[in-house]
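Visitor: My questions all concern the structure below.
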2 protein chains.
Amino acid sequence: MLIFNHETLGQRVLFGSGKAAENLAAEVARLGAKRVMVIASEFEAPIARKVAAGIDVALDYDDVAPHVPIEKAEKARAAAQEHGIDLLVCVGGGSTTGLAKAIAMTTGLPIVAVPTTYAGSEATNVWGLTEAARKTTGTDNKVLPATVVYDAELTLSLPAELSVASGLNALAHCVDSMWGPRADPINQALAAEGIRALNAGLPAVKLDPQGLPGREQALYGAYLAAVSFASAGSGMHHKICHVLGGSWNMPHAQTHATVLPYVLAFNAPEAPDAAARIATAFGSDDAVQGLNNLRTVLDAPRALKDYGFTEDNIPEAVELILPVIPDSNPRKPTAENLADLLRAATAGATPGL
Amino acid sequence: MLIFNHETLGQRVLFGSGKAAENLAAEVARLGAKRVMVIASEFEAPIARKVAAGIDVALDYDDVAPHVPIEKAEKARAAAQEHGIDLLVCVGGGSTTGLAKAIAMTTGLPIVAVPTTYAGSEATNVWGLTEAARKTTGTDNKVLPATVVYDAELTLSLPAELSVASGLNALAHCVDSMWGPRADPINQALAAEGIRALNAGLPAVKLDPQGLPGREQALYGAYLAAVSFASAGSGMHHKICHVLGGSWNMPHAQTHATVLPYVLAFNAPEAPDAAARIATAFGSDDAVQGLNNLRTVLDAPRALKDYGFTEDNIPEAVELILPVIPDSNPRKPTAENLADLLRAATAGATPGL
């Protein structure tokens with residue numbers, strides 16, 4: 001039986017290397033905006049100036065901080081109001097997009113997002129705010145950018161190593177979208193397309209960090225990762241990584257890159273359709289083999305023990321992880337099989353063997 | 001270089017066999033609608049009554065006609081206004097959805113569509129109106145249904161033969177989405193998923209017309225066909241079929257079913273990525289072979305000569321078709337290769353040989 005509820009979020013995507021300034025100007029004209037606020041951190045400001053060269057800017061704004069502190073959000077909202085802003089343009093990574101979303105949340109102003117990383121926030125209706133060191137997140141269609149302008153040239157300043165780490169993170173979003181709590185065949189099809197693009201793009205980025213074709217595929221894949229993951233929700237992989245990050249302060253990118261193949265190997269036998277989609281997307285006969293091949297090419301992190309996690313931590317980790325794995329997970333997790341998974345990931349045993 | 005502009009249309013899809021009444025009631029409540037107009041033709045009215053059993057209906061409306069004559073549209077708009085309607089619910093095929101769209105176009109009223117066929121109109125922002133025997137079509141996001149409630153049980157009254165013909169039509173939308181004028185990788189991924197679902201569903205519908213699993217896959221595939229085709233636009237296949245239908249009055253479904261494999265065989269060598277996607281979606285090593293296999297299983301129409309088209313018509317057909325094939329077509333059409341294609345389709349030669 002095919003039963004699902006899927007919400008497709010309406011959004012325009014203008015994709016083209018070297019076309020950001022032209023596409024942004026066309027979009028500002030199409031929306032009829034007269035008072036544009038351009039948001040970019042100090043670090044991103046030079047890129048933003050080039051991208052916004054063809055539009056009238058009413059306010060350049062650079063007071064951006066990670067995780068969108070509420071005071072920064074309120075200050076930015078006041079600035080938007082004070083300057084009679086009618087369109088928010090954010091140029092940058094997740095924090096910059098996040099600040100634009102925080103303004104849109106209370107003002108209803110439309111956003112045109114111009115991402116410079118693979119963060120993916122630009123393709124979702126998820127907002128986040130930090131107050132007194134506590135992060136709150138939620139969803140609201142008002143914060144979904146009306147348009148995203150993707151230009152792979154803007155990602156060239158992202159170092160190859162960081163690009164690959166961020167791309168593997170996007171890959172984890174795609175894989176986990178196959179069995180997240182709201183997984184459905186539409187998410188799975190988009191996630192598979194994301195895997196295909198990331199599998200093509202990331203090795204090319206590693207090989208030729210200044211080449212555009214790899215960057216384009218990686219950026220396109222990261223977009224699909226965000227769309228499918230926001231719709232499907234966190235699956236087993238993200239629940240594990242969240243616990244390891246929160247309780248043992250494990251590094252984000254390395255933890256994701258290490259854990260993913262073990263989760264895939266864990267679930268694949270009980271999720272033959274998803275496994276077949278993933279295998280095809282990797283251009284491989286087998287999903288786990290396809291992911292292993294990519295990790296080898298990328299020289300990806302291989303063992304949690306290299307990042308401070310030890311066998312001794314496993315019992316506590318199992319206790320924390322087991323209750324938060326969603327019921328949608330294709331293979332039922334138990335204290336035993338979860339401990340086995342973590343043991344293999346800690347040691348860096350070949351996943352799937 | 002990856003360059004594209006893609007507009008994703010925002011829409012909720014609630015999919016589940018036997019769940020239409022429940023899903024519709026939940027959706028009416030979520031939207032806070034108080035004055036619902038239920039649109040269904042006389043023929044569809046019994047289905048509509050069951051589907052709407054759980055909601056308060058302010059107006060039952062059945063004055064539906066094919067191609068949405070403008071007088072019918074205006075009468076329906078007046079009725080909606082007179083009854084203070086705040087939500088349109090259409091239960092039926094393309095004509096019924098079309099009337100709801102005609103009302104939404106001028107009133108801005110939201111639509112919840114409950115399709116009973118594979119027409120696909122419910123997933124697009126395309127409207128059509130007929131005035132003095134002339135059909136006008138256009139796009140307007142106001143006519144896109146806010147929500148589609150899919151229930152394969154509602155399609156059981158569609159005879160198997162008609163279901164297969166309509167499903168092959170949806171398949172043609174998927175294939176042509178690979179190289180339509182606005183084709184992009186997102187359309188291609190959704191179209192490939194549509195091919196996968198139709199290839200799984202249609203043989204099951206033929207084998208067991210009252211079985212739900214095949215109907216579900218076919219309905220899901222038809223939805224994706226509509227989404228991808230509305231975004232990509234008419235490609236070579238639809239241009240050919242439009243000319244054959246308009247100038248020689250060829251039957252719609254049979255013409256599409258016959259022409260499709262010849263267009264696929266024509267383009268595949270020049271569109272290796274699209275051909276690979278199509279092949280994978282058919283679960284075949286080769287796109288044309290995959291489509292041929294499906295047509296054999298479905299006992300699909302095979303030759304244009306069986307529907308009144310003759311070799312003598314080919315020169316005139318070439319003259320009409322050649323100028324309307326979009327520039328986006330992967331293989332450049334010429335008078336010669338197009339005549340070859342039509343000769344093969346007229347005779348029913350095995351496509352791809």
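Every chain in the structure tokens takes a letter, A first, then B, and so on in the order presented; its residues are numbered from 1, and the ligands are numbered from 1 following the presented order.
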List every residue of range 80-147 of chain A that DSSP, applied to the backbone, labels as strand (DSSP E or B), and write the result as number ranges by chain.
Guide: A: 87-92, 111-115, 126-131, 134-139, 147
Visitor: Tell me, as a PyMOL selection string, which residues lie within 10 Å of Thr124 in chain B, counting only C-alpha atoms; anything in the same chain fewer than 5 positions away does not count.
Guide: chain B and resi 9+11+139-141+143-145+223+226-231
Visitor: Which is closest to chain A among B:Lys72, B:His67, B:His6, B:Arg35, if we use only C-alpha atoms?
Guide: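 Going through B:Lys72, B:His67, B:His6, B:Arg35 one by one, the smallest distance to chain A is for B:His6.
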Visitor: Could you check which of A:Ala102, A:Ala218, A:Ala170, A:Ala73 is closest to chain B, using only C-alpha atoms?
Guide: A:Ala218
Visitor: Compile the contact shell of Asp86 in chain B as a list in words: residues with an atom at most 10 Å away, counting only C-alpha atoms, same-chain residues fewer than 4 positions apart removed.
Guide: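 Close residues of Asp86 in chain B: Leu31, Gly32, Ala33, Lys34, Arg35, Val36, Met37, Ala58, Ala80, Gln81, Thr107, Gly108, Leu109, Pro110 and Ile111 of chain B.
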Visitor: Got a sec to pull out which chain B residues are within 7 Å of chain A, counting only C-alpha atoms, and send them as a count of residues only?
Guide: 21
Visitor: Apply DSSP to the structure's backbone, then extract all residues of range 138-336 of chain B labelled alpha helix (DSSP H) and return them as a ChimeraX atom specification.
Guide: /B:160-176,185-207,212-232,236-248,252-267,272-282,287-298,314-321,335-336
Visitor: Convert the current residue selection to file output with C-alpha atoms, as a CSV table (one decimal), in the first residue's frame.
Guide:
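Dumped to again_7.csv:
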chain,number,residue,atom,x,y,z
B,160,ALA,CA,-8.6,-1.3,-17.5
B,161,GLU,CA,-8.3,-0.5,-21.2
B,162,LEU,CA,-8.9,3.2,-20.7
B,163,SER,CA,-6.6,3.2,-17.6
B,164,VAL,CA,-3.8,1.7,-19.7
B,165,ALA,CA,-4.3,4.2,-22.5
B,166,SER,CA,-4.4,7.1,-20.1
B,167,GLY,CA,-1.3,5.7,-18.3
B,168,LEU,CA,0.6,5.5,-21.6
B,169,ASN,CA,-0.3,9.1,-22.2
B,170,ALA,CA,1.2,9.9,-18.8
B,171,LEU,CA,4.2,7.9,-19.7
B,172,ALA,CA,4.6,10.1,-22.9
B,173,HIS,CA,4.6,13.1,-20.6
B,174,CYS,CA,7.4,11.7,-18.6
B,175,VAL,CA,9.5,10.7,-21.6
B,176,ASP,CA,9.0,14.1,-23.4
B,185,PRO,CA,17.6,17.7,-14.1
B,186,ILE,CA,14.8,18.2,-11.5
B,187,ASN,CA,12.1,17.5,-14.1
B,188,GLN,CA,14.1,14.6,-15.4
B,189,ALA,CA,14.4,13.0,-11.9
B,190,LEU,CA,10.7,13.4,-11.3
B,191,ALA,CA,9.9,12.1,-14.8
B,192,ALA,CA,12.1,9.1,-14.3
B,193,GLU,CA,10.4,8.3,-11.0
B,194,GLY,CA,7.1,8.6,-12.9
B,195,ILE,CA,8.3,6.1,-15.6
B,196,ARG,CA,9.3,3.7,-12.8
B,197,ALA,CA,5.9,3.9,-11.2
B,198,LEU,CA,3.9,3.6,-14.5
B,199,ASN,CA,6.1,0.7,-15.6
B,200,ALA,CA,5.3,-1.0,-12.4
B,201,GLY,CA,1.6,0.0,-12.2
B,202,LEU,CA,0.2,-0.4,-15.7
B,203,PRO,CA,0.9,-4.1,-16.2
B,204,ALA,CA,-0.6,-4.7,-12.8
B,205,VAL,CA,-3.7,-2.7,-13.8
B,206,LYS,CA,-4.1,-4.7,-17.0
B,207,LEU,CA,-3.6,-8.0,-15.2
B,212,LEU,CA,-5.2,-1.5,-5.8
B,213,PRO,CA,-1.4,-1.8,-5.9
B,214,GLY,CA,-1.2,-1.3,-9.7
B,215,ARG,CA,-3.7,1.5,-9.5
B,216,GLU,CA,-1.7,3.2,-6.8
B,217,GLN,CA,1.5,3.1,-8.8
B,218,ALA,CA,-0.2,4.3,-12.0
B,219,LEU,CA,-1.9,7.2,-10.1
B,220,TYR,CA,1.3,8.2,-8.5
B,221,GLY,CA,3.1,8.0,-11.8
B,222,ALA,CA,0.5,10.1,-13.5
B,223,TYR,CA,0.9,12.8,-10.8
B,224,LEU,CA,4.7,12.9,-11.5
B,225,ALA,CA,4.1,13.0,-15.2
B,226,ALA,CA,1.9,16.1,-14.8
B,227,VAL,CA,4.4,17.8,-12.5
B,228,SER,CA,7.4,17.2,-14.7
B,229,PHE,CA,5.7,17.8,-18.0
B,230,ALA,CA,4.1,21.1,-16.8
B,231,SER,CA,7.5,22.3,-15.9
B,232,ALA,CA,9.5,21.0,-18.9
B,236,MET,CA,9.1,16.5,-29.9
B,237,HIS,CA,6.7,13.7,-29.1
B,238,HIS,CA,3.9,16.0,-28.2
B,239,LYS,CA,4.5,18.3,-31.2
B,240,ILE,CA,4.2,15.3,-33.5
B,241,CYS,CA,1.0,14.0,-31.8
B,242,HIS,CA,-0.5,17.4,-31.8
B,243,VAL,CA,-0.1,17.8,-35.6
B,244,LEU,CA,-1.3,14.2,-36.3
B,245,GLY,CA,-4.4,14.8,-34.1
B,246,GLY,CA,-5.2,18.2,-35.4
B,247,SER,CA,-4.7,17.6,-39.2
B,248,TRP,CA,-5.7,13.9,-39.5
B,252,HIS,CA,-5.4,10.7,-29.1
B,253,ALA,CA,-4.4,7.8,-26.9
B,254,GLN,CA,-3.5,5.5,-29.8
B,255,THR,CA,-1.4,8.1,-31.5
B,256,HIS,CA,0.6,8.8,-28.3
B,257,ALA,CA,1.1,5.1,-27.6
B,258,THR,CA,2.3,4.5,-31.2
B,259,VAL,CA,4.6,7.5,-31.7
B,260,LEU,CA,6.4,7.5,-28.3
B,261,PRO,CA,8.9,4.7,-28.9
B,262,TYR,CA,10.0,6.1,-32.2
B,263,VAL,CA,10.7,9.5,-30.7
B,264,LEU,CA,12.6,7.8,-27.9
B,265,ALA,CA,14.6,5.8,-30.4
B,266,PHE,CA,15.2,9.0,-32.4
B,267,ASN,CA,16.6,11.0,-29.5
B,272,PRO,CA,22.7,9.5,-23.4
B,273,ASP,CA,22.0,10.8,-19.9
B,274,ALA,CA,18.3,11.0,-20.4
B,275,ALA,CA,18.4,7.5,-22.1
B,276,ALA,CA,20.2,6.1,-19.1
B,277,ARG,CA,17.7,7.6,-16.7
B,278,ILE,CA,14.8,6.2,-18.8
B,279,ALA,CA,16.5,2.7,-19.1
B,280,THR,CA,17.0,2.6,-15.3
B,281,ALA,CA,13.5,3.7,-14.7
B,282,PHE,CA,12.3,0.8,-16.9
B,287,ALA,CA,15.6,2.8,-22.8
B,288,VAL,CA,14.0,1.8,-26.1
B,289,GLN,CA,14.0,-1.9,-25.1
B,290,GLY,CA,12.5,-1.0,-21.8
B,291,LEU,CA,9.6,0.8,-23.5
B,292,ASN,CA,9.2,-1.9,-26.1
B,293,ASN,CA,8.9,-4.5,-23.3
B,294,LEU,CA,6.2,-2.5,-21.5
B,295,ARG,CA,4.2,-2.0,-24.8
B,296,THR,CA,4.4,-5.7,-25.5
B,297,VAL,CA,3.0,-6.5,-22.0
B,298,LEU,CA,0.3,-3.9,-22.4
B,314,ILE,CA,4.0,11.9,-44.5
B,315,PRO,CA,5.3,14.8,-46.6
B,316,GLU,CA,2.6,17.1,-45.4
B,317,ALA,CA,3.0,15.9,-41.8
B,318,VAL,CA,6.8,16.6,-42.0
B,319,GLU,CA,6.1,20.1,-43.3
B,320,LEU,CA,3.8,20.8,-40.3
B,321,ILE,CA,5.9,19.2,-37.6
B,335,ALA,CA,12.9,16.6,-43.3
B,336,GLU,CA,14.6,13.3,-44.0
Visitor: From the options A:Leu338, A:Thr136, A:Ala303, A:Gly98, which residue's atoms come nearest to Ala123 in chain A, counting only C-alpha atoms?
Guide: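 Smallest separation from Ala123 in chain A among the options: A:Gly98.
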Visitor: Show me, as JSON, numbers by chain, the residues that have an atom within 12 Å of Gly94 in chain A when counting only C-alpha atoms, minus same-chain residues fewer than 3 positions from it.
Guide: {"A": [39, 40, 41, 44, 64, 65, 66, 67, 68, 90, 91, 97, 98, 99, 100, 101, 113, 114, 115, 116, 117, 118, 119, 120, 121, 122, 123, 124, 126, 127, 128, 166, 226]}
Visitor: Provide the CA of Asp184 in chain B to CA of Gly92 in chain A distance in Å, to one decimal place.
Guide: 24.9 Å
